[in-house]
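Engineer: File name target-v1.cif; file contents mmCIF, C-alpha atoms; full text below.
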```
data_data
loop_
_atom_site.label_atom_id
_atom_site.label_comp_id
_atom_site.auth_asym_id
_atom_site.auth_seq_id
_atom_site.Cartn_x
_atom_site.Cartn_y
_atom_site.Cartn_z
CA MET H 1035 124.57 191.05 88.17
CA LYS H 1036 127.08 189.62 90.66
CA VAL H 1037 124.66 190.31 93.52
CA VAL H 1038 121.91 188.31 91.79
CA TRP H 1039 124.36 185.47 91.19
CA TYR H 1040 125.41 185.42 94.86
CA ILE H 1041 121.78 185.42 95.99
CA TRP H 1042 121.05 182.55 93.60
CA TRP H 1043 123.84 180.42 95.09
CA LEU H 1044 123.02 181.44 98.65
CA CYS H 1045 119.40 180.28 98.20
CA GLN H 1046 120.59 176.96 96.77
CA ILE H 1047 123.02 176.40 99.62
CA ALA H 1048 120.30 177.16 102.21
CA ILE H 1049 117.76 174.77 100.70
CA GLY H 1050 120.41 172.14 100.03
CA PHE H 1051 121.49 172.31 103.68
CA PHE H 1052 117.98 171.46 104.89
CA LEU H 1053 117.79 168.65 102.33
CA VAL H 1054 120.65 166.76 104.02
CA PHE H 1055 120.09 168.08 107.57
CA PRO H 1056 118.21 164.95 108.78
CA VAL H 1057 121.08 162.67 107.78
CA GLY H 1058 123.41 165.12 109.51
CA LEU H 1059 121.44 164.55 112.72
CA LEU H 1060 121.94 160.79 112.30
CA VAL H 1061 125.69 161.34 112.06
CA LEU H 1062 125.69 163.62 115.12
CA ASN H 1063 123.87 160.93 117.09
CA VAL H 1064 126.57 158.42 116.20
CA PHE H 1065 129.33 160.69 117.49
CA SER H 1066 127.37 161.86 120.54
CA GLY H 1067 127.51 158.39 122.06
CA ARG H 1068 123.82 157.79 122.56
CA LYS H 1069 122.91 156.76 126.08
CA LYS H 1070 120.90 153.69 126.94
CA ARG H 1071 117.21 154.52 127.39
CA SER H 1072 116.26 155.21 130.98
CA GLN H 1073 113.62 153.01 132.53
CA PRO H 1074 110.78 154.17 134.81
CA ALA H 1075 112.01 154.36 138.38
CA ALA H 1076 110.77 152.07 141.11
CA LYS H 1077 107.44 153.11 142.63
CA LYS H 1078 107.81 156.24 144.74
CA LEU H 1079 105.83 159.32 145.69
CA GLU H 1080 103.92 160.37 142.56
CA ALA H 1081 104.32 163.91 141.26
CA ASP H 1082 101.04 165.82 141.09
CA TYR H 1083 99.81 166.38 137.51
CA ALA H 1084 97.14 168.57 135.98
CA LEU H 1085 95.98 167.16 132.65
CA ILE H 1086 94.51 169.99 130.58
CA VAL H 1087 92.13 169.11 127.75
CA ALA H 1088 91.09 172.20 125.79
CA THR H 1089 88.23 171.74 123.34
CA TYR H 1090 86.71 174.29 120.97
CA GLU H 1091 83.17 173.77 119.64
CA GLN H 1092 83.53 169.96 119.59
CA THR H 1093 82.62 167.62 122.45
CA GLN H 1094 81.84 164.29 120.75
CA GLN H 1095 85.23 162.73 121.50
CA LEU H 1096 85.57 163.87 125.11
CA PRO H 1097 84.09 160.66 126.62
CA ASP H 1098 86.74 158.61 124.81
CA VAL H 1099 89.51 160.96 125.97
CA ILE H 1100 88.39 160.75 129.61
CA ALA H 1101 87.92 156.97 129.37
CA SER H 1102 91.53 156.59 128.23
CA ILE H 1103 92.81 158.89 130.98
CA SER H 1104 90.89 156.89 133.59
CA LYS H 1105 93.02 153.86 132.64
CA LEU H 1106 96.28 155.58 133.56
CA ASN H 1107 98.50 153.53 135.85
CA TYR H 1108 98.79 156.61 138.01
CA SER H 1109 96.69 158.16 140.76
CA ASN H 1110 97.97 161.65 141.59
CA TYR H 1111 96.34 163.78 138.91
CA LEU H 1112 93.27 165.84 138.09
CA VAL H 1113 91.80 166.45 134.62
CA TYR H 1114 90.66 169.95 133.61
CA ILE H 1115 88.40 170.11 130.55
CA VAL H 1116 88.06 173.63 129.19
CA ALA H 1117 84.85 173.56 127.14
CA ASP H 1118 85.22 176.67 124.99
CA LYS H 1119 82.21 177.69 122.91
CA CYS H 1120 80.57 174.33 123.50
CA ASP H 1121 78.31 172.61 126.01
CA ALA H 1122 79.75 169.47 127.61
CA SER H 1123 77.21 169.32 130.43
CA GLY H 1124 75.15 166.56 128.78
CA LEU H 1125 78.14 164.24 128.61
CA HIS H 1126 78.28 163.74 132.39
CA LEU H 1127 82.06 163.88 132.56
CA GLU H 1128 82.39 165.41 136.02
CA SER H 1129 83.91 163.17 138.69
CA GLU H 1130 86.34 163.41 141.57
CA LYS H 1131 89.15 163.35 139.00
CA VAL H 1132 87.56 165.42 136.22
CA ILE H 1133 86.66 169.11 136.40
CA VAL H 1134 84.74 170.63 133.48
CA LEU H 1135 85.27 174.38 133.11
CA HIS H 1136 82.99 176.66 131.07
CA PRO H 1137 84.57 180.04 130.22
CA GLY H 1138 82.17 182.96 130.42
CA THR H 1139 83.42 184.33 127.10
CA VAL H 1140 84.77 182.65 123.96
CA LEU H 1141 88.52 182.13 124.31
CA ALA H 1142 89.35 180.69 120.85
CA SER H 1143 92.97 180.19 121.93
CA ASN H 1144 94.91 177.25 123.27
CA THR H 1145 96.93 179.26 125.74
CA ARG H 1146 93.91 181.21 126.98
CA SER H 1147 92.24 177.86 127.67
CA HIS H 1148 95.34 176.52 129.40
CA PHE H 1149 95.64 179.55 131.68
CA PHE H 1150 91.90 179.49 132.35
CA ALA H 1151 92.45 175.96 133.66
CA ILE H 1152 95.51 177.04 135.67
CA LYS H 1153 93.54 179.84 137.33
CA ASN H 1154 90.91 177.26 138.32
CA PHE H 1155 93.27 174.59 139.64
CA LYS H 1156 91.77 172.78 142.65
CA ARG H 1157 95.24 172.41 144.17
CA GLN H 1158 98.81 173.47 143.49
CA HIS H 1159 99.90 170.94 140.87
CA GLU H 1160 103.60 170.40 140.28
CA ARG H 1161 103.33 169.54 136.58
CA LEU H 1162 100.86 169.91 133.75
CA ALA H 1163 100.33 167.81 130.64
CA ILE H 1164 98.53 169.08 127.55
CA ILE H 1165 96.18 166.67 125.80
CA ASP H 1166 94.16 167.40 122.65
CA SER H 1167 90.42 166.78 122.71
CA ASP H 1168 90.85 164.02 120.10
CA ASN H 1169 93.76 162.25 121.85
CA LEU H 1170 93.76 158.92 123.64
CA VAL H 1171 96.36 158.42 126.37
CA ASP H 1172 98.56 155.38 126.88
CA PRO H 1173 98.22 153.92 130.41
CA GLU H 1174 101.94 154.53 131.12
CA PHE H 1175 101.97 158.09 129.76
CA LEU H 1176 102.61 159.90 133.06
CA ASN H 1177 105.05 157.29 134.34
CA GLU H 1178 107.11 157.65 131.16
CA LEU H 1179 107.09 161.45 131.39
CA ASN H 1180 108.37 161.11 134.94
CA VAL H 1181 111.52 159.37 133.66
CA CYS H 1182 112.66 162.64 132.07
CA PHE H 1183 111.43 164.87 134.90
CA ASP H 1184 113.33 162.69 137.37
CA GLU H 1185 116.48 163.26 135.30
CA GLY H 1186 116.09 167.00 135.90
CA PHE H 1187 114.25 168.13 132.75
CA VAL H 1188 111.42 170.64 133.11
CA ALA H 1189 109.81 170.09 129.68
CA VAL H 1190 109.10 166.78 127.93
CA GLN H 1191 107.61 165.93 124.54
CA GLY H 1192 106.09 162.50 124.04
CA VAL H 1193 105.05 160.74 120.82
CA ARG H 1194 101.75 161.24 119.01
CA LYS H 1195 100.92 157.98 117.25
CA ALA H 1196 98.15 157.62 114.69
CA LYS H 1197 94.76 156.74 116.12
CA ASN H 1198 93.27 156.18 112.68
CA LEU H 1199 94.62 155.03 109.32
CA ASP H 1200 91.27 155.06 107.54
CA SER H 1201 92.37 156.95 104.41
CA VAL H 1202 95.48 157.62 102.35
CA TYR H 1203 95.56 161.16 103.82
CA ALA H 1204 95.56 159.79 107.37
CA CYS H 1205 98.36 157.36 106.48
CA LEU H 1206 100.50 160.09 104.93
CA ASP H 1207 99.78 162.35 107.89
CA ALA H 1208 101.00 159.52 110.12
CA ALA H 1209 104.13 159.10 107.96
CA ARG H 1210 104.87 162.78 108.41
CA ASP H 1211 104.54 162.48 112.17
CA ILE H 1212 106.85 159.46 112.27
CA TYR H 1213 109.46 161.42 110.30
CA TYR H 1214 109.26 164.48 112.54
CA HIS H 1215 109.22 162.53 115.81
CA TYR H 1216 112.29 160.62 114.66
CA TYR H 1217 114.38 163.58 113.52
CA ASP H 1218 112.94 166.62 115.35
CA GLY H 1219 112.36 164.58 118.49
CA GLU H 1220 114.60 161.58 119.06
CA LYS H 1221 117.61 162.53 116.92
CA LEU H 1222 117.60 166.26 117.66
CA PHE H 1223 117.45 165.54 121.39
CA GLY H 1224 120.05 162.79 121.00
CA ALA H 1225 122.39 165.29 119.31
CA GLY H 1226 122.36 167.44 122.44
CA SER H 1227 119.65 169.94 121.49
CA SER H 1228 115.91 170.03 122.29
CA ALA H 1229 112.98 168.11 120.87
CA THR H 1230 110.46 170.29 119.07
CA LEU H 1231 106.98 170.55 120.59
CA SER H 1232 103.99 168.99 118.84
CA GLY H 1233 101.07 170.83 120.46
CA SER H 1234 99.92 167.93 122.64
CA GLY H 1235 101.34 164.87 124.37
CA MET H 1236 103.75 167.20 126.16
CA ALA H 1237 104.30 168.17 129.77
CA PHE H 1238 106.00 170.91 131.77
CA THR H 1239 106.46 172.02 135.32
CA VAL H 1240 103.65 174.47 136.07
CA LYS H 1241 106.28 177.02 137.10
CA LEU H 1242 108.00 176.83 133.70
CA TYR H 1243 104.76 177.08 131.73
CA LYS H 1244 103.73 180.20 133.64
CA GLU H 1245 107.15 181.79 133.16
CA ALA H 1246 107.20 180.98 129.44
CA LEU H 1247 103.73 182.13 128.39
CA GLY H 1248 102.07 183.82 131.37
CA HIS H 1249 102.91 187.31 130.08
CA LEU H 1250 101.72 186.64 126.50
CA ASP H 1251 98.29 186.55 124.88
CA ILE H 1252 98.57 184.17 121.92
CA VAL H 1253 95.78 183.79 119.38
CA GLY H 1254 95.72 181.63 116.27
CA ALA H 1255 97.78 178.51 115.67
CA GLY H 1256 101.36 178.13 116.78
CA PHE H 1257 101.43 178.48 120.56
CA ASP H 1258 103.83 175.51 120.67
CA LYS H 1259 106.27 177.41 118.41
CA ILE H 1260 106.35 180.34 120.82
CA LEU H 1261 106.49 178.04 123.84
CA GLN H 1262 109.51 176.08 122.58
CA LYS H 1263 111.31 179.30 121.70
CA GLN H 1264 110.72 180.65 125.19
CA ILE H 1265 111.87 177.43 126.86
CA VAL H 1266 115.05 176.93 124.81
CA GLY H 1267 115.77 180.66 124.92
CA ALA H 1268 115.65 180.51 128.70
CA GLY H 1269 118.43 177.92 128.67
CA HIS H 1270 116.37 174.74 129.13
CA ARG H 1271 116.38 171.59 127.01
CA ILE H 1272 113.12 169.95 125.95
CA ALA H 1273 113.44 166.22 126.52
CA PHE H 1274 112.00 163.61 124.18
CA ARG H 1275 110.39 160.44 125.53
CA GLU H 1276 109.43 157.94 122.84
CA GLU H 1277 107.55 155.74 125.32
CA ALA H 1278 105.24 158.57 126.49
CA ILE H 1279 102.46 157.97 123.97
CA VAL H 1280 99.20 159.65 123.06
CA TRP H 1281 97.08 158.46 120.15
CA ASP H 1282 96.29 161.38 117.86
CA GLU H 1283 93.61 161.61 115.19
CA LYS H 1284 95.00 162.10 111.70
CA THR H 1285 93.36 164.13 108.95
CA SER H 1286 91.30 161.77 106.82
CA GLU H 1287 89.73 164.15 104.26
CA SER H 1288 91.24 166.55 101.74
CA GLU H 1289 89.35 169.64 102.97
CA GLN H 1290 90.35 168.85 106.54
CA LEU H 1291 93.97 168.48 105.39
CA VAL H 1292 94.01 171.79 103.50
CA ASN H 1293 92.53 173.79 106.39
CA GLN H 1294 94.88 172.26 108.94
CA ARG H 1295 98.01 172.64 106.83
CA SER H 1296 97.15 176.21 105.87
CA ARG H 1297 97.21 177.11 109.58
CA TRP H 1298 100.51 175.29 110.06
CA ILE H 1299 102.12 176.97 107.03
CA ASN H 1300 100.85 180.34 108.22
CA THR H 1301 102.50 179.59 111.56
CA TRP H 1302 105.86 178.80 109.95
CA PHE H 1303 105.92 182.06 107.98
CA LYS H 1304 104.92 183.92 111.14
CA TYR H 1305 107.52 182.42 113.46
CA PHE H 1306 110.46 181.11 111.40
CA VAL H 1307 112.41 184.30 112.25
CA PHE H 1308 112.77 182.85 115.75
CA GLY H 1309 115.39 180.61 114.19
CA PHE H 1310 117.76 183.49 113.40
CA ASP H 1311 117.54 184.73 116.98
CA MET H 1312 118.17 181.21 118.29
CA VAL H 1313 121.19 180.56 116.02
CA PHE H 1314 122.89 183.88 116.83
CA SER H 1315 122.03 183.51 120.51
CA GLY H 1316 123.61 180.07 120.45
CA ILE H 1317 126.79 181.54 118.97
CA ARG H 1318 126.93 184.42 121.48
CA LYS H 1319 126.28 182.22 124.49
CA LEU H 1320 128.17 179.18 123.17
CA SER H 1321 124.97 177.14 123.50
CA TRP H 1322 124.84 174.07 121.26
CA ASN H 1323 121.20 173.55 122.30
CA ARG H 1324 120.10 176.94 120.98
CA PHE H 1325 122.38 176.89 117.94
CA LEU H 1326 121.17 173.55 116.57
CA PHE H 1327 117.55 174.18 117.53
CA GLY H 1328 117.61 177.45 115.60
CA PHE H 1329 118.25 175.65 112.30
CA VAL H 1330 115.19 173.47 112.87
CA LEU H 1331 113.06 176.59 113.35
CA LEU H 1332 114.39 178.05 110.10
CA ARG H 1333 113.64 174.93 108.04
CA PRO H 1334 110.66 175.37 105.67
CA PRO H 1335 107.85 172.79 105.57
CA LEU H 1336 108.94 169.62 103.77
CA PHE H 1337 106.93 170.13 100.59
CA ILE H 1338 108.30 173.67 100.12
CA PHE H 1339 111.98 172.80 100.22
CA LEU H 1340 111.42 169.63 98.18
CA ILE H 1341 109.67 171.57 95.42
CA LEU H 1342 112.42 174.21 95.52
CA SER H 1343 115.09 171.51 95.37
CA VAL H 1344 113.58 169.97 92.23
CA LEU H 1345 113.21 173.44 90.72
CA PHE H 1346 116.85 174.32 91.40
CA MET H 1347 117.97 170.97 89.98
CA ALA H 1348 115.99 171.57 86.78
CA ILE H 1349 117.36 175.08 86.28
CA ASP H 1350 120.93 174.02 87.06
CA LEU H 1351 120.61 171.30 84.45
CA TRP H 1352 120.75 174.11 81.88
CA ILE H 1353 123.23 176.50 83.50
CA ASN H 1354 125.43 174.20 85.62
CA PRO H 1355 125.02 170.43 85.06
CA ALA H 1356 127.51 169.63 87.85
CA ALA H 1357 125.35 171.49 90.37
CA SER H 1358 122.30 169.65 89.03
CA ALA H 1359 124.07 166.34 89.78
CA VAL H 1360 124.74 167.54 93.33
CA TRP H 1361 121.01 168.30 93.72
CA LEU H 1362 120.14 164.81 92.52
CA ALA H 1363 122.52 163.33 95.08
CA GLY H 1364 121.01 165.54 97.79
CA LEU H 1365 117.48 164.44 96.92
CA LEU H 1366 118.51 160.79 97.01
CA ILE H 1367 120.10 161.34 100.44
CA PHE H 1368 116.89 162.98 101.65
CA VAL H 1369 114.71 160.13 100.35
CA GLY H 1370 116.99 157.61 102.08
CA GLY H 1371 116.80 159.57 105.32
CA PHE H 1372 113.02 159.89 105.02
CA LEU H 1373 112.60 156.14 104.66
CA VAL H 1374 114.83 155.22 107.63
CA PRO H 1375 112.18 155.73 110.36
CA LEU H 1376 109.34 154.45 108.18
CA PHE H 1377 110.81 151.04 107.44
CA HIS H 1378 110.69 149.98 111.05
CA SER H 1379 109.02 146.74 112.10
CA SER H 1380 106.39 148.59 114.14
CA VAL H 1381 105.20 150.85 111.29
CA ASP H 1382 101.82 149.83 109.87
CA LYS H 1383 102.11 148.55 106.28
CA ARG H 1384 99.25 150.82 105.23
CA ILE H 1385 101.54 153.79 105.91
CA ILE H 1386 104.23 152.29 103.66
CA ARG H 1387 101.71 151.65 100.86
CA SER H 1388 100.43 155.23 101.09
CA LEU H 1389 103.83 156.65 100.10
CA THR H 1390 102.94 156.24 96.42
CA SER H 1391 100.34 158.99 96.96
CA ILE H 1392 102.85 161.58 98.18
CA PRO H 1393 102.42 163.70 94.98
CA VAL H 1394 98.68 164.04 95.72
CA PHE H 1395 99.46 164.91 99.33
CA MET H 1396 101.89 167.60 98.16
CA PHE H 1397 99.28 168.98 95.76
CA TYR H 1398 96.91 169.61 98.66
CA GLN H 1399 99.73 171.19 100.63
CA VAL H 1400 100.34 173.60 97.76
CA LYS H 1401 96.62 174.45 97.98
CA SER H 1402 97.16 175.00 101.70
CA LEU H 1403 100.01 177.39 100.91
CA LEU H 1404 97.68 179.49 98.76
CA LYS H 1405 95.19 179.73 101.65
CA ALA H 1406 97.80 180.23 104.37
CA LYS H 1407 97.45 184.02 104.63
CA LYS H 1408 93.81 183.75 105.72
CA ALA H 1409 94.18 180.41 107.50
CA ASN H 1410 93.20 181.55 111.00
CA LYS H 1411 90.07 183.23 109.63
CA ILE H 1412 88.99 180.08 107.80
CA SER H 1413 89.18 177.77 110.83
CA VAL H 1414 90.34 177.91 114.44
CA ALA H 1415 90.65 174.15 115.05
CA THR H 1416 90.67 170.96 112.99
CA LYS H 1417 87.26 169.30 112.97
CA HIS H 1418 87.45 165.57 113.66
CA SER H 1419 84.90 162.80 113.47
CA TYR H 1420 86.85 159.60 114.05
CA ARG H 1421 86.31 158.01 117.47
CA LYS H 1422 87.56 154.42 117.41
CA ALA H 1423 90.42 153.56 119.74
CA PRO H 1424 93.57 151.98 118.26
#
```
Rewrite the structure of this file - the entire thing - as C-alpha cells.
Structural biologist:
Amino acid sequence: MKVVWYIWWLCQIAIGFFLVFPVGLLVLNVFSGRKKRSQPAAKKLEADYALIVATYEQTQQLPDVIASISKLNYSNYLVYIVADKCDASGLHLESEKVIVLHPGTVLASNTRSHFFAIKNFKRQHERLAIIDSDNLVDPEFLNELNVCFDEGFVAVQGVRKAKNLDSVYACLDAARDIYYHYYDGEKLFGAGSSATLSGSGMAFTVKLYKEALGHLDIVGAGFDKILQKQIVGAGHRIAFREEAIVWDEKTSESEQLVNQRSRWINTWFKYFVFGFDMVFSGIRKLSWNRFLFGFVLLRPPLFIFLILSVLFMAIDLWINPAASAVWLAGLLIFVGGFLVPLFHSSVDKRIIRSLTSIPVFMFYQVKSLLKAKKANKISVATKHSYRKAP
C-alpha cells in the first residue's frame, strides 16, 4: 500500500512541477541577467544559404512561398523545392535561384527530402534553412539568422507567426505557438539552455545537419525532436532569434486539427524518453544546457498535464484538502504564466477573444489523443488551403 501511496505523490509532484515550470523560466531569466538583443551586423560578405522547401502531395501554395523568398533582402542563396509525390512542373517555379527536384520514388519523410536536396546541391552551401511549403518568409529572415550565426551558434530557431486567423481553431493554434515560442524559445534560451525546434523557420550549418541526421532514416512526424536531441546532446546550444520570422499557416478546421495533433501527440509518446537521457547526461557532464532542456522534453502536451492537474485537485479535495489548495494555486500560477506572452501589444485581439473556446480546443485534442497510435497511418502531412499573405 505504501508503494501505491508513494507513486501517487510522485505523479502529483511531476505534473505539478510542469505546471509551474514556465514561471520558473521567467525567474531564471531575471537572475541570468538577460543581454541586450544583438542587432544585424553592418553589411559584409553574405554567408551562402540553401533554403529547402519540402512539399508532399500539395503544390498550390508553392508560388506564394517562392514569391516571399524572392523578396528577401539577401542575395547569396538558392532555393531547393523537393516535390515529393506531386507534380510542380506546371507552376513554372524554376529560375536561376530556384531548383525544383523530383524524387524518383516517394520519400514521405522530411529528412529524406532534406537529404535529397543536399545530395543535389548546385554548390557547397555553408548553411541551410528549412521552410515549410505553406510558409511565407520575412524579408529580413536570413539577415536575422546571421546575427546568431555570427555570434558562434551553429543552430538557430526563428519565430513562426500566424499567417491566418480565419477561425477560432486558427486563433487558438496561434495562441499555442505564442506560448511555446515565448517559453520554449525565448525564455529557455535566455535561461542558458537551448530553444526547442519547431519544424520550420530554423537554420543550421550544413556540416551540423549532416552530422546530426545523416546516419539516420527518420519516417513519420518528429524529425525536429530527434534533431534537437542530437544537437544538444553533441554539446551545442540552439539559439533563438525572435526577429527571424516565417508566417505559418494555422489549422482552421476541426478535422485538420485532430489529424495534426494526433501526429504530434504520437511524437511526444515516442520521443519523450529523450528527456531522461538529457537530464542524466546534464548531471554527469555538468551541462546546464542539457539538464534544463531535458525537462522540456519530458513535459507532456499542455492539455494532458492540465487535465491531470484538475483531476488530481478533485481527488485531493476528498483525501487531502490542503494538497487540493496547492493544486488550485498551481493552476492559477500556470494561467497567469500562460497569459503573460498573450497580453502583449502586438498580439491580435482575435487571439485573445478565442481563449474562451479553449475547452472546445481541448476536446479536439482529447480526440487526437485517442487517434495518436495510428496517427502516421492516417496522414503524413497537414493539408492546407489558405493562401492569403498576412
Engineer: Kindly indicate which residue among H:Thr1239, H:Ser1232, H:Asn1107, H:Ser1201 lies nearest to Phe1175 in chain H, using all atoms listed in the file for the distances.
Structural biologist: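 Ranking H:Thr1239, H:Ser1232, H:Asn1107, H:Ser1201 by distance to Phe1175 in chain H, first place goes to H:Asn1107.
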Engineer: Just checking: using all atoms listed in the file, which residue out of H:Pro1097, H:Pro1334, H:Gly1138, H:Gly1248 ends up closest to Ala1122 in chain H?
Structural biologist: H:Pro1097
Engineer: Report the residues retrieved by the PyMOL selection byres ((chain H and resi 1255) around 7) from the displayed file, expressed as a list in words.
Structural biologist: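 Output of the PyMOL selection byres ((chain H and resi 1255) around 7): Val1253, Gly1254, Gly1256, Phe1257, Arg1297 and Thr1301 of chain H.
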Engineer: Hey, what's within 12 Å of His1148 in chain H if we count only C-alpha atoms and toss same-chain stuff fewer than 5 positions away? As a PyMOL selection string, please?
Structural biologist: chain H and resi 1084-1089+1113-1118+1135+1137+1141-1143+1153-1155+1162-1166+1234+1240+1243-1244+1247-1248+1251-1252+1257
Engineer: If you keep C-alpha atoms, can you produce a file of those selected residues as a short mmCIF file (atom, residue, chain, number, x, y, z; two decimals), keeping the file's coordinate frame?
Structural biologist:
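The result, written out as out.cif:
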```cif
data_model
loop_
_atom_site.label_atom_id
_atom_site.label_comp_id
_atom_site.auth_asym_id
_atom_site.auth_seq_id
_atom_site.Cartn_x
_atom_site.Cartn_y
_atom_site.Cartn_z
CA ALA H 1084 97.14 168.57 135.98
CA LEU H 1085 95.98 167.16 132.65
CA ILE H 1086 94.51 169.99 130.58
CA VAL H 1087 92.13 169.11 127.75
CA ALA H 1088 91.09 172.20 125.79
CA THR H 1089 88.23 171.74 123.34
CA VAL H 1113 91.80 166.45 134.62
CA TYR H 1114 90.66 169.95 133.61
CA ILE H 1115 88.40 170.11 130.55
CA VAL H 1116 88.06 173.63 129.19
CA ALA H 1117 84.85 173.56 127.14
CA ASP H 1118 85.22 176.67 124.99
CA LEU H 1135 85.27 174.38 133.11
CA PRO H 1137 84.57 180.04 130.22
CA LEU H 1141 88.52 182.13 124.31
CA ALA H 1142 89.35 180.69 120.85
CA SER H 1143 92.97 180.19 121.93
CA LYS H 1153 93.54 179.84 137.33
CA ASN H 1154 90.91 177.26 138.32
CA PHE H 1155 93.27 174.59 139.64
CA LEU H 1162 100.86 169.91 133.75
CA ALA H 1163 100.33 167.81 130.64
CA ILE H 1164 98.53 169.08 127.55
CA ILE H 1165 96.18 166.67 125.80
CA ASP H 1166 94.16 167.40 122.65
CA SER H 1234 99.92 167.93 122.64
CA VAL H 1240 103.65 174.47 136.07
CA TYR H 1243 104.76 177.08 131.73
CA LYS H 1244 103.73 180.20 133.64
CA LEU H 1247 103.73 182.13 128.39
CA GLY H 1248 102.07 183.82 131.37
CA ASP H 1251 98.29 186.55 124.88
CA ILE H 1252 98.57 184.17 121.92
CA PHE H 1257 101.43 178.48 120.56
#
```
Engineer: Using the chain letters and numbering of this document, enumerate as JSON, numbers by chain the residues selected by the PyMOL selection byres ((chain H and resi 1093) around 10).
Structural biologist: {"H": [1089, 1090, 1091, 1092, 1094, 1095, 1096, 1097, 1117, 1118, 1120, 1121, 1122, 1123, 1124, 1125, 1167, 1168]}
